Amino acid sequence: MGAKRFNKASSLHLILFTAVLVLCAVLFFVVPKINISKMENRKLTPFPVYSWQNLVNGSYLDSIDLYVADHFPYRDWWVDVVDQYRNAGGIKDGEIAIIENENFSMESPDTSKLDSVDLNIIQDSIKLDNAKLGSAKGLMIYDGMGIQIFGGSNKYSKLFASVINDYRSTFDSSINIYYMGIPAHGEYYMPDDYKKGNSESKNIAFTASLLNPPIKSIFIADYIKQHRDEYIFFNTDHHWTDLGSYYAYQKFCEVAALKATPIENYDIEYRGRFLGSLYQLTRDQRLKEKGDSLIIHKIRNKYAMKVLDNPKNYTKGSAGQMYYKWNNSYGCYISGDLPFERFDSDVKNNRRLVVIKNSFGNALIPHMVQNFETVFVVDYRYFEGSVYDLVMNQNITDILFPIPAFSSNTVSHIQRIKSILKINDAKKFEQIAIKQTPKEYPKGTIFKVQICSSKEHLDTTSYLLKDVAKYSEYKYHNYLIYLVGNTASYSEVEKLRLQMVDAGYNDALIRVFLNGELIK
Amino acid sequence: MVFASLTFLYFFLPLNLILYYSSNNANYRNFILTLFSFVFYAWGEPIWVFLLIFSATVDYWNGLFIEKYKGTLWAKFGIVSTLVFNLGILFFFKYSGFIYDNVNALFGTSFQFPKYSLPIGISFYTFQTISYVIDVYRGEVKAQRSWLKFMMFVSLYHQLVAGPIVRYSHIMNEIDTRKFRIRDISGGITRFCVGLFKKVAIANIAAELVVKYLENPELSSLSTGEMWFGVIMFSIQIYFDFSGYSDMAIGLGRMFGFHYHENFNYPYIAKTATDFWRRWHISLGTFFRDYVYIPMGGNKKNGYLNLFIVWGLTGLWHGANWNFIFWGLLFGILIMLERLITFKRINTVPGFLLRIYLLFAVVLGWALFYFTDSSKLLICFKSLFHVANVSWWDYSLTLTIKENIYWLILSVVLCMPVYQYLVKKYRNVLLVKNSNTLYWAGIAFSIALLLISTALMVGKSYNPFIYYRF
């Protein structure tokens, strides 16, 4: 080629290259930015807030990189190109695939550290978002269905059971507490030839064996398995269908002495096809081909649904939709994952239920509304109130924990479930009440501050007590409680309690003694 | 900042090109390039950029000082002070933690060393300035009088953070006067896009597979096949990552009128360890040859001792840990053995056998390089040689290989000089027939690589959430 032509082509090369770069840069500023990615179900990185500190530690400029990537023009289109590149990279087995990436193993399966987990350290809900699928070890794609590989273990069960037992010991035995461990796809659809991961139903059974007897466990695995040929789990979503949850509901009614509505008494609505979370995570072609349909079993009862916006106000809220119109995926049930909701039905049986759930509970709620006067729905991941207050103030008769094994084997979830009981808040109100009406307590009442409790004897070598100069031990039911202070004045004990809280005993609470016996 | 980021590619680079070429003034251009280099460096190291400027300024003065007192004791003093200063900085930031740890382990002490983050690229730029000052001392180059030009030489963002280690003598003419050649720019663009593709579309994907296997929390339960696969993936990752980075550096250099030397020459087709190091990270190998091995006496005096010192240091340069030293020594031993056997005899062995030997040694070397944790390294080697109680193969590996088979073939093929082979074979045919088409195809090819790489970088931010929550 002549030198001239060569130079001409080179110039064009430069022009084309620069044009691509500049065009994208210009589009970046011109194309309107969105804040939420529908494709990914998440908030996109906002432009970072400048501060000298952020600049110096490098996080400011790092965030700009994230911001640029998250808001790159026509991002969805680029992501599709990536799919095609990745799909072209090999041959997809029509039957099976195993995907192990960060999306499926957020929490380390290193169980040796579990013995020292402090359940009182609550991670904020943002961290919880990152926990994603909980204790999953990976994802298997089998015959067009996404199956999470279970990575839980008995050590998690112990932690989880201790939290549910805490709930049990907090409430009067007249209040029923149910634990419904939910196994996911793997339990029913994991092919025997490729068995991976631990058994969810075994893990659930073990958890149930650790619960104090007044807690009623609902075992659903065997019963649901009988219906495995029905459409009980989505192919492309990590949730069950409402039909799957219906069978769990039947099992629940058996245990709770209620009459389950026959499946014929539901109205069926077809909402068409959708691709669920597991597709979004993997963008796997096989899942895309198989897809899912949303078939809703609607209840016929009359009910009023309220989305409560204040965790302390149990009546005020806006109307919600049981089967959200604008969402044609699993997200339609009870309008998605809202922190706190209330359903009042036309049933009159004096039974009022609190369901402490995550998204798996959503499909279950409509069924429950058929058998309770009132159902409160608490999403433990986002609820900021106190379950203790709720149960005490609303004459609750039943509490249900429908928890997938994946979540009950994830520390951040267990911590969160524990934290929302918030017995301290409740006690604080109680104490304020005491302050105003001291007459309640007869002469000779002594107040002390409980700083910690234990099943075993503690001494000054324990880290819990090593900073306390003088304390006393008291046996209370199965526990030994450790107390400081000794005063007849309520205001003084409250001062002491706050001091102890400051010293790091976040759970410090006031105990009332009369004649050496604990009365409150 | 890194090359394989959207911020760099779509904001930094076009702005830099436009501002740079918007004036003919040489001082202006040098200033723009230096300024952008500082910003590039500060993007990742907002504090240590001042260390870079300080260290380069000291070397700038040292160069002038040594030249002024050439042949006197003062020049010797200058060269010693340069070495003490540069190696001192390198030791302080990179090796002091390692030395403390070893002292503590050896004597049961518990000295605490204040932990600093390692300034990016410090191993590269200190070597660059050392070579400059030594060359001035030896009279091989003239000291640079302009502070700005010297600063530009040290901080040029093309090679600042990950090499190649550019010798001053290689680009000194271009520092003073650079010619604008459109075909250089075009060639640079292609080279850059190839490098970007190697990094984003091969190395990054290999990295995912490396994490899947070698970072597996249950490493000891991996089958022998999976362990080999993981280590081979790391071999692919490190080659494409590093050589892709060098390609991008060379390409960027050409876009701005610099010609850096090649840093890689298809190392995985080497037949001997000696050959491998003539093809792998060439700028480092030649640095140690010219500034350490030969000054110590080369193979004339204490040849084998020198060999081990050089290879121990080469290993140590890669990181402050024993595994890097052993990795370096592994090559020292192989090179020594090759010399003992003599190349005359080696060359009688069929080429493919030699290549198998070399690849085997190199891949095992990468395992040694990868695991800084010796207990993990032991698990890895036990599994590689199947002396641990593990299975040979896992069906999920078959799936992984199948799902990535074309990508794998591409990666392996690109480790070989296919392009050169094709050009050589078909050059005449193509030139006569369709010279235009060929050229257009080349342009389209580089733009296609750019777009695929962009997609992969955007796709990296794809991070779906499972919870239905807004």
# chains A, B, ... in the order shown; residues from 1 in each chain; ligands from 1
>>> select_by_dssp(residues="segment 139-173 of chain A", states="strand (DSSP E)", output="list in words")
Leu139, Met140, Ile141, Tyr142, Met145, Gly146, Ile147, Gln148, Ile149 and Phe150 of chain A
>>> residues_around(residues="Thr45 of chain A", least_positions_apart="2", cutoff="8 Å", atoms="only C-alpha atoms", output="NGL selection string")
:A and (35 or 43 or 47 or 63 or 66-67 or 70)
>>> write_last_selection(atoms="N, CA, C and O atoms", output="mmCIF file, in the first residue's frame")
data_model
loop_
_atom_site.group_PDB
_atom_site.id
_atom_site.type_symbol
_atom_site.label_atom_id
_atom_site.label_comp_id
_atom_site.auth_asym_id
_atom_site.auth_seq_id
_atom_site.Cartn_x
_atom_site.Cartn_y
_atom_site.Cartn_z
ATOM 1 N N ASN A 35 -31.564 6.170 38.967
ATOM 2 C CA ASN A 35 -30.969 5.876 40.270
ATOM 3 C C ASN A 35 -31.086 4.414 40.650
ATOM 4 O O ASN A 35 -30.348 3.918 41.473
ATOM 5 N N LYS A 43 -30.018 -0.107 44.047
ATOM 6 C CA LYS A 43 -29.727 1.308 43.874
ATOM 7 C C LYS A 43 -28.357 1.445 43.236
ATOM 8 O O LYS A 43 -27.408 0.797 43.640
ATOM 9 N N PHE A 47 -23.179 9.698 43.083
ATOM 10 C CA PHE A 47 -21.920 10.429 43.014
ATOM 11 C C PHE A 47 -21.422 10.668 44.436
ATOM 12 O O PHE A 47 -22.189 11.063 45.304
ATOM 13 N N SER A 63 -14.955 5.757 44.384
ATOM 14 C CA SER A 63 -16.404 5.835 44.203
ATOM 15 C C SER A 63 -16.753 6.458 42.860
ATOM 16 O O SER A 63 -17.771 6.115 42.269
ATOM 17 N N LEU A 66 -16.779 3.748 40.419
ATOM 18 C CA LEU A 66 -18.008 2.955 40.535
ATOM 19 C C LEU A 66 -19.188 3.700 39.930
ATOM 20 O O LEU A 66 -20.038 3.115 39.251
ATOM 21 N N TYR A 67 -19.218 5.004 40.193
ATOM 22 C CA TYR A 67 -20.301 5.839 39.679
ATOM 23 C C TYR A 67 -20.308 5.808 38.149
ATOM 24 O O TYR A 67 -21.355 5.620 37.523
ATOM 25 N N ASP A 70 -21.537 2.442 36.914
ATOM 26 C CA ASP A 70 -22.966 2.223 37.177
ATOM 27 C C ASP A 70 -23.861 3.068 36.283
ATOM 28 O O ASP A 70 -25.013 2.723 36.044
#
>>> atom_distance(atom1="atom CA of Phe50 of chain B", atom2="atom CA of Ala75 of chain B")
26.8 Å
>>> interface_residues(of="chain B", to="chain A", cutoff="8 Å", atoms="only C-alpha atoms", output="ChimeraX atom specification")
/B:5-7,9-11,14,43-47,182-183,185-186,189,208,212,217,396,399-408,431,435-436,439-440,443,447,452,454-459,461-470
